[in-house]
Amino acid sequence: MKIIKIIITFCLLLTLNGCGLHLRGMGSADSDKIHYKSVQIVGNRNSTLYQMLYTKINAIGVKIVDKPADDTLILIIGATNFTQKTVSVDSRSQDVEYSLSAKTIYYFKTKDTKPQKKLSAFTRSLLNKTEQVLASSHESEMLREEMLQHTADDIYIQFLRQK
């Protein structure tokens with residue numbers, strides 16, 4: 001009886017694998033999709049976004065260089081611009097809700113091509129907690145970090161798509 005269960009489980013796994021089903025993380029690695037083996041990242045090396053991108057690109061085995069060769073992709077990252085706007089006010093004219101936006105312009109280019117301008121933009125809303133000023137400030141910083149992470153993910157995906 002135990003052998004029959006093992007055989008049925010094995011056959012089921014073979015069938016699922018044969019039809020193209022893969023568990024998360026078990027598919028082809030990002031390194032299989034890369035068209036460039038080296039990249040130069042131009043931007044503020046001390047910025048959080050630069051460091052996130054450096055880590056992501058370096059983790060898949062792409063060589064990050066200071067001086068580009070002919071087959072090197074150049075990634076130029078602009079500064080992230082954060083803006084905060086009031087979305088709603090209460091009956092006492094106090095701000096109740098804010099909208100926090102992050103916009104980053106970046107470019108991909110090679111030695112032979114013109115820069116391809118790209119934009120990564122995200123908007124999040126947050127509540128103004130007048131009685132919890134410290135918590136509200138902390139929430140704002142957490143949203144900024146989250147938006148930087150999403151921006152890094154967006155640029156990384158666009159990097160993988162470059163041909």
# chains A, B, ... in the order shown; residues from 1 in each chain; ligands from 1
call {"tool": "residues_around", "arguments": {"residues": "segment 87-100 of chain A", "least_positions_apart": "4", "cutoff": "10 Å", "atoms": "only C-alpha atoms", "output": "VMD selection string"}}
result
chain A and resid 82 to 83 122 to 130 140 143 to 144 147
call {"tool": "write_last_selection", "arguments": {"atoms": "C-alpha atoms", "output": "PDB file, in the first residue's frame"}}
result
ATOM      1  CA  PHE A  82       9.339  62.728  -3.442  1.00  0.00           C
ATOM      2  CA  THR A  83       6.291  64.995  -3.266  1.00  0.00           C
ATOM      3  CA  PHE A 122       4.553  55.371  -7.479  1.00  0.00           C
ATOM      4  CA  THR A 123       1.921  57.011  -5.290  1.00  0.00           C
ATOM      5  CA  ARG A 124       0.808  55.998  -1.817  1.00  0.00           C
ATOM      6  CA  SER A 125      -1.603  57.632   0.605  1.00  0.00           C
ATOM      7  CA  LEU A 126      -1.185  57.999   4.325  1.00  0.00           C
ATOM      8  CA  LEU A 127      -3.295  59.373   7.138  1.00  0.00           C
ATOM      9  CA  ASN A 128      -2.282  62.327   9.272  1.00  0.00           C
ATOM     10  CA  LYS A 129      -2.441  61.169  12.880  1.00  0.00           C
ATOM     11  CA  THR A 130      -2.278  64.451  14.764  1.00  0.00           C
ATOM     12  CA  SER A 140       6.005  58.259   6.080  1.00  0.00           C
ATOM     13  CA  LEU A 143       6.423  54.374   2.715  1.00  0.00           C
ATOM     14  CA  ARG A 144       9.414  56.153   1.177  1.00  0.00           C
ATOM     15  CA  MET A 147       8.542  53.096  -2.846  1.00  0.00           C
TER      16      MET A 147
END
call {"tool": "residues_around", "arguments": {"residues": "Tyr106 of chain A", "least_positions_apart": "4", "cutoff": "9 Å", "atoms": "only C-alpha atoms", "output": "PDB file with C-alpha atoms, in the first residue's frame"}}
result
ATOM      1  CA  LEU A  75      22.290  52.522 -16.508  1.00  0.00           C
ATOM      2  CA  ILE A  76      21.963  56.183 -15.511  1.00  0.00           C
ATOM      3  CA  ILE A  77      19.842  56.760 -12.406  1.00  0.00           C
ATOM      4  CA  GLY A  78      18.469  60.174 -11.532  1.00  0.00           C
ATOM      5  CA  ALA A  79      17.557  61.255  -8.042  1.00  0.00           C
ATOM      6  CA  GLN A 116      16.294  55.376 -23.591  1.00  0.00           C
ATOM      7  CA  LYS A 117      14.462  57.542 -21.073  1.00  0.00           C
ATOM      8  CA  LYS A 118      12.279  55.677 -18.584  1.00  0.00           C
ATOM      9  CA  LEU A 119      10.137  56.782 -15.664  1.00  0.00           C
ATOM     10  CA  SER A 120       9.309  54.904 -12.510  1.00  0.00           C
ATOM     11  CA  ILE A 155      14.384  49.277 -12.883  1.00  0.00           C
TER      12      ILE A 155
END
call {"tool": "select_by_dssp", "arguments": {"residues": "chain A", "states": "strand (DSSP E or B)", "output": "MDAnalysis selection string"}}
result
chainID A and resid 38:42 63:64 73:77 81:89 95:109 116:127
call {"tool": "write_last_selection", "arguments": {"atoms": "C-alpha atoms", "output": "PDB file, in the first residue's frame"}}
result
ATOM      1  CA  SER A  38      28.438  43.833 -17.730  1.00  0.00           C
ATOM      2  CA  VAL A  39      26.766  47.061 -16.678  1.00  0.00           C
ATOM      3  CA  GLN A  40      27.894  50.468 -15.544  1.00  0.00           C
ATOM      4  CA  ILE A  41      25.606  52.100 -12.997  1.00  0.00           C
ATOM      5  CA  VAL A  42      25.841  55.891 -12.998  1.00  0.00           C
ATOM      6  CA  LYS A  63      29.726  42.330 -13.690  1.00  0.00           C
ATOM      7  CA  ILE A  64      29.413  45.953 -12.564  1.00  0.00           C
ATOM      8  CA  LEU A  73      24.949  48.482 -20.821  1.00  0.00           C
ATOM      9  CA  ILE A  74      25.009  51.856 -19.083  1.00  0.00           C
ATOM     10  CA  LEU A  75      22.290  52.522 -16.508  1.00  0.00           C
ATOM     11  CA  ILE A  76      21.963  56.183 -15.511  1.00  0.00           C
ATOM     12  CA  ILE A  77      19.842  56.760 -12.406  1.00  0.00           C
ATOM     13  CA  ASN A  81      11.821  63.082  -6.317  1.00  0.00           C
ATOM     14  CA  PHE A  82       9.339  62.728  -3.442  1.00  0.00           C
ATOM     15  CA  THR A  83       6.291  64.995  -3.266  1.00  0.00           C
ATOM     16  CA  GLN A  84       3.632  65.105  -0.596  1.00  0.00           C
ATOM     17  CA  LYS A  85       0.213  66.629  -1.245  1.00  0.00           C
ATOM     18  CA  THR A  86      -2.850  67.073   0.925  1.00  0.00           C
ATOM     19  CA  VAL A  87      -5.719  64.885  -0.263  1.00  0.00           C
ATOM     20  CA  SER A  88      -8.402  65.705   2.287  1.00  0.00           C
ATOM     21  CA  VAL A  89      -9.082  68.005   5.213  1.00  0.00           C
ATOM     22  CA  ASP A  95      -5.008  67.825   7.012  1.00  0.00           C
ATOM     23  CA  VAL A  96      -6.434  64.317   7.310  1.00  0.00           C
ATOM     24  CA  GLU A  97      -4.870  62.430   4.409  1.00  0.00           C
ATOM     25  CA  TYR A  98      -1.748  62.917   2.323  1.00  0.00           C
ATOM     26  CA  SER A  99      -0.630  61.553  -1.000  1.00  0.00           C
ATOM     27  CA  LEU A 100       3.079  60.671  -1.207  1.00  0.00           C
ATOM     28  CA  SER A 101       4.549  60.315  -4.705  1.00  0.00           C
ATOM     29  CA  ALA A 102       7.969  59.140  -5.844  1.00  0.00           C
ATOM     30  CA  LYS A 103       9.285  59.720  -9.365  1.00  0.00           C
ATOM     31  CA  THR A 104      12.604  58.519 -10.694  1.00  0.00           C
ATOM     32  CA  ILE A 105      13.886  59.089 -14.212  1.00  0.00           C
ATOM     33  CA  TYR A 106      16.510  56.659 -15.450  1.00  0.00           C
ATOM     34  CA  TYR A 107      18.173  55.832 -18.762  1.00  0.00           C
ATOM     35  CA  PHE A 108      19.558  52.770 -20.483  1.00  0.00           C
ATOM     36  CA  LYS A 109      22.176  53.187 -23.170  1.00  0.00           C
ATOM     37  CA  GLN A 116      16.294  55.376 -23.591  1.00  0.00           C
ATOM     38  CA  LYS A 117      14.462  57.542 -21.073  1.00  0.00           C
ATOM     39  CA  LYS A 118      12.279  55.677 -18.584  1.00  0.00           C
ATOM     40  CA  LEU A 119      10.137  56.782 -15.664  1.00  0.00           C
ATOM     41  CA  SER A 120       9.309  54.904 -12.510  1.00  0.00           C
ATOM     42  CA  ALA A 121       6.501  56.526 -10.518  1.00  0.00           C
ATOM     43  CA  PHE A 122       4.553  55.371  -7.479  1.00  0.00           C
ATOM     44  CA  THR A 123       1.921  57.011  -5.290  1.00  0.00           C
ATOM     45  CA  ARG A 124       0.808  55.998  -1.817  1.00  0.00           C
ATOM     46  CA  SER A 125      -1.603  57.632   0.605  1.00  0.00           C
ATOM     47  CA  LEU A 126      -1.185  57.999   4.325  1.00  0.00           C
ATOM     48  CA  LEU A 127      -3.295  59.373   7.138  1.00  0.00           C
TER      49      LEU A 127
END
call {"tool": "residues_around", "arguments": {"residues": "Leu49 of chain A", "least_positions_apart": "4", "cutoff": "9 Å", "atoms": "only C-alpha atoms", "output": "ChimeraX atom specification"}}
result
/A:44-45,53-54,77,79-80,148-149,151-152
call {"tool": "write_last_selection", "arguments": {"atoms": "N, CA and C atoms", "output": "PDB file, in the first residue's frame"}}
result
ATOM      1  N   ASN A  44      24.255  58.420  -7.792  1.00  0.00           N
ATOM      2  CA  ASN A  44      24.795  58.681  -6.461  1.00  0.00           C
ATOM      3  C   ASN A  44      25.033  57.352  -5.747  1.00  0.00           C
ATOM      4  N   ARG A  45      26.286  56.997  -5.565  1.00  0.00           N
ATOM      5  CA  ARG A  45      26.630  55.704  -4.959  1.00  0.00           C
ATOM      6  C   ARG A  45      26.172  55.580  -3.516  1.00  0.00           C
ATOM      7  N   LEU A  53      19.902  48.551  -6.317  1.00  0.00           N
ATOM      8  CA  LEU A  53      20.122  48.071  -7.686  1.00  0.00           C
ATOM      9  C   LEU A  53      21.453  47.349  -7.820  1.00  0.00           C
ATOM     10  N   TYR A  54      22.487  47.892  -7.208  1.00  0.00           N
ATOM     11  CA  TYR A  54      23.801  47.262  -7.244  1.00  0.00           C
ATOM     12  C   TYR A  54      23.716  45.842  -6.693  1.00  0.00           C
ATOM     13  N   ILE A  77      20.947  56.601 -13.350  1.00  0.00           N
ATOM     14  CA  ILE A  77      19.842  56.760 -12.406  1.00  0.00           C
ATOM     15  C   ILE A  77      19.805  58.204 -11.912  1.00  0.00           C
ATOM     16  N   ALA A  79      17.994  61.217  -9.435  1.00  0.00           N
ATOM     17  CA  ALA A  79      17.557  61.255  -8.042  1.00  0.00           C
ATOM     18  C   ALA A  79      16.048  61.024  -7.962  1.00  0.00           C
ATOM     19  N   THR A  80      15.612  60.363  -6.920  1.00  0.00           N
ATOM     20  CA  THR A  80      14.187  60.136  -6.707  1.00  0.00           C
ATOM     21  C   THR A  80      13.575  61.405  -6.122  1.00  0.00           C
ATOM     22  N   LEU A 148      10.983  53.198  -2.745  1.00  0.00           N
ATOM     23  CA  LEU A 148      12.326  53.011  -3.297  1.00  0.00           C
ATOM     24  C   LEU A 148      12.550  51.545  -3.680  1.00  0.00           C
ATOM     25  N   GLN A 149      12.051  50.634  -2.860  1.00  0.00           N
ATOM     26  CA  GLN A 149      12.183  49.206  -3.175  1.00  0.00           C
ATOM     27  C   GLN A 149      11.418  48.867  -4.450  1.00  0.00           C
ATOM     28  N   THR A 151      10.732  50.949  -6.851  1.00  0.00           N
ATOM     29  CA  THR A 151      11.467  51.580  -7.939  1.00  0.00           C
ATOM     30  C   THR A 151      12.649  50.715  -8.349  1.00  0.00           C
ATOM     31  N   ALA A 152      13.382  50.189  -7.376  1.00  0.00           N
ATOM     32  CA  ALA A 152      14.516  49.301  -7.668  1.00  0.00           C
ATOM     33  C   ALA A 152      14.034  48.053  -8.401  1.00  0.00           C
TER      34      ALA A 152
END
call {"tool": "closest_residue", "arguments": {"among": "A:Met1, A:Leu14, A:Ile57, A:Val65", "to": "Phe159 of chain A", "atoms": "only C-alpha atoms"}}
result
A:Ile57
call {"tool": "select_by_dssp", "arguments": {"residues": "chain A", "states": "helix (DSSP H, G or I)", "output": "ChimeraX atom specification"}}
result
/A:2-18,30-33,48-59,133-161
call {"tool": "write_last_selection", "arguments": {"atoms": "C-alpha atoms", "output": "PDB file, in the first residue's frame"}}
result
ATOM      1  CA  LYS A   2       2.841   2.387   0.842  1.00  0.00           C
ATOM      2  CA  ILE A   3       4.593   1.658  -2.483  1.00  0.00           C
ATOM      3  CA  ILE A   4       1.384   2.414  -4.403  1.00  0.00           C
ATOM      4  CA  LYS A   5       1.096   5.822  -2.677  1.00  0.00           C
ATOM      5  CA  ILE A   6       4.723   6.612  -3.559  1.00  0.00           C
ATOM      6  CA  ILE A   7       4.214   5.570  -7.199  1.00  0.00           C
ATOM      7  CA  ILE A   8       0.997   7.618  -7.489  1.00  0.00           C
ATOM      8  CA  THR A   9       2.714  10.672  -5.940  1.00  0.00           C
ATOM      9  CA  PHE A  10       5.686  10.277  -8.276  1.00  0.00           C
ATOM     10  CA  CYS A  11       3.407   9.978 -11.327  1.00  0.00           C
ATOM     11  CA  LEU A  12       1.419  13.026 -10.223  1.00  0.00           C
ATOM     12  CA  LEU A  13       4.608  15.074  -9.825  1.00  0.00           C
ATOM     13  CA  LEU A  14       5.833  13.983 -13.260  1.00  0.00           C
ATOM     14  CA  THR A  15       2.499  14.983 -14.794  1.00  0.00           C
ATOM     15  CA  LEU A  16       2.529  18.409 -13.136  1.00  0.00           C
ATOM     16  CA  ASN A  17       6.146  19.006 -14.123  1.00  0.00           C
ATOM     17  CA  GLY A  18       5.455  17.868 -17.681  1.00  0.00           C
ATOM     18  CA  ASP A  30      17.061  35.558 -13.960  1.00  0.00           C
ATOM     19  CA  SER A  31      20.611  34.980 -15.153  1.00  0.00           C
ATOM     20  CA  ASP A  32      19.216  32.956 -18.090  1.00  0.00           C
ATOM     21  CA  LYS A  33      17.380  36.056 -19.335  1.00  0.00           C
ATOM     22  CA  THR A  48      19.576  53.740  -1.155  1.00  0.00           C
ATOM     23  CA  LEU A  49      18.239  53.163  -4.685  1.00  0.00           C
ATOM     24  CA  TYR A  50      21.758  52.799  -6.123  1.00  0.00           C
ATOM     25  CA  GLN A  51      22.719  50.298  -3.435  1.00  0.00           C
ATOM     26  CA  MET A  52      19.523  48.267  -3.944  1.00  0.00           C
ATOM     27  CA  LEU A  53      20.122  48.071  -7.686  1.00  0.00           C
ATOM     28  CA  TYR A  54      23.801  47.262  -7.244  1.00  0.00           C
ATOM     29  CA  THR A  55      22.884  44.372  -4.953  1.00  0.00           C
ATOM     30  CA  LYS A  56      20.148  43.010  -7.263  1.00  0.00           C
ATOM     31  CA  ILE A  57      22.263  43.163 -10.415  1.00  0.00           C
ATOM     32  CA  ASN A  58      25.397  41.838  -8.732  1.00  0.00           C
ATOM     33  CA  ALA A  59      23.432  38.923  -7.228  1.00  0.00           C
ATOM     34  CA  VAL A 133       3.151  62.633  15.344  1.00  0.00           C
ATOM     35  CA  LEU A 134       6.114  60.288  15.795  1.00  0.00           C
ATOM     36  CA  ALA A 135       4.216  57.285  14.430  1.00  0.00           C
ATOM     37  CA  SER A 136       3.013  59.322  11.457  1.00  0.00           C
ATOM     38  CA  SER A 137       6.568  60.409  10.676  1.00  0.00           C
ATOM     39  CA  HIS A 138       7.778  56.807  10.951  1.00  0.00           C
ATOM     40  CA  GLU A 139       4.994  55.632   8.625  1.00  0.00           C
ATOM     41  CA  SER A 140       6.005  58.259   6.080  1.00  0.00           C
ATOM     42  CA  GLU A 141       9.619  57.063   6.134  1.00  0.00           C
ATOM     43  CA  MET A 142       8.507  53.444   5.770  1.00  0.00           C
ATOM     44  CA  LEU A 143       6.423  54.374   2.715  1.00  0.00           C
ATOM     45  CA  ARG A 144       9.414  56.153   1.177  1.00  0.00           C
ATOM     46  CA  GLU A 145      11.554  53.034   1.689  1.00  0.00           C
ATOM     47  CA  GLU A 146       8.809  50.853   0.214  1.00  0.00           C
ATOM     48  CA  MET A 147       8.542  53.096  -2.846  1.00  0.00           C
ATOM     49  CA  LEU A 148      12.326  53.011  -3.297  1.00  0.00           C
ATOM     50  CA  GLN A 149      12.183  49.206  -3.175  1.00  0.00           C
ATOM     51  CA  HIS A 150       9.429  49.179  -5.810  1.00  0.00           C
ATOM     52  CA  THR A 151      11.467  51.580  -7.939  1.00  0.00           C
ATOM     53  CA  ALA A 152      14.516  49.301  -7.668  1.00  0.00           C
ATOM     54  CA  ASP A 153      12.351  46.316  -8.659  1.00  0.00           C
ATOM     55  CA  ASP A 154      10.934  48.252 -11.620  1.00  0.00           C
ATOM     56  CA  ILE A 155      14.384  49.277 -12.883  1.00  0.00           C
ATOM     57  CA  TYR A 156      15.686  45.738 -12.353  1.00  0.00           C
ATOM     58  CA  ILE A 157      12.848  44.264 -14.444  1.00  0.00           C
ATOM     59  CA  GLN A 158      13.534  46.800 -17.192  1.00  0.00           C
ATOM     60  CA  PHE A 159      17.228  45.862 -17.021  1.00  0.00           C
ATOM     61  CA  LEU A 160      16.356  42.207 -17.588  1.00  0.00           C
ATOM     62  CA  ARG A 161      14.285  43.200 -20.647  1.00  0.00           C
TER      63      ARG A 161
END
call {"tool": "atom_distance", "arguments": {"atom1": "atom CA of Thr113 of chain A", "atom2": "atom CA of Gln162 of chain A"}}
result
12.4 Å
call {"tool": "atom_distance", "arguments": {"atom1": "atom CA of Thr72 of chain A", "atom2": "atom CA of Pro115 of chain A"}}
result
13.3 Å
call {"tool": "atom_distance", "arguments": {"atom1": "atom CA of Lys111 of chain A", "atom2": "atom CA of Lys67 of chain A"}}
result
11.2 Å
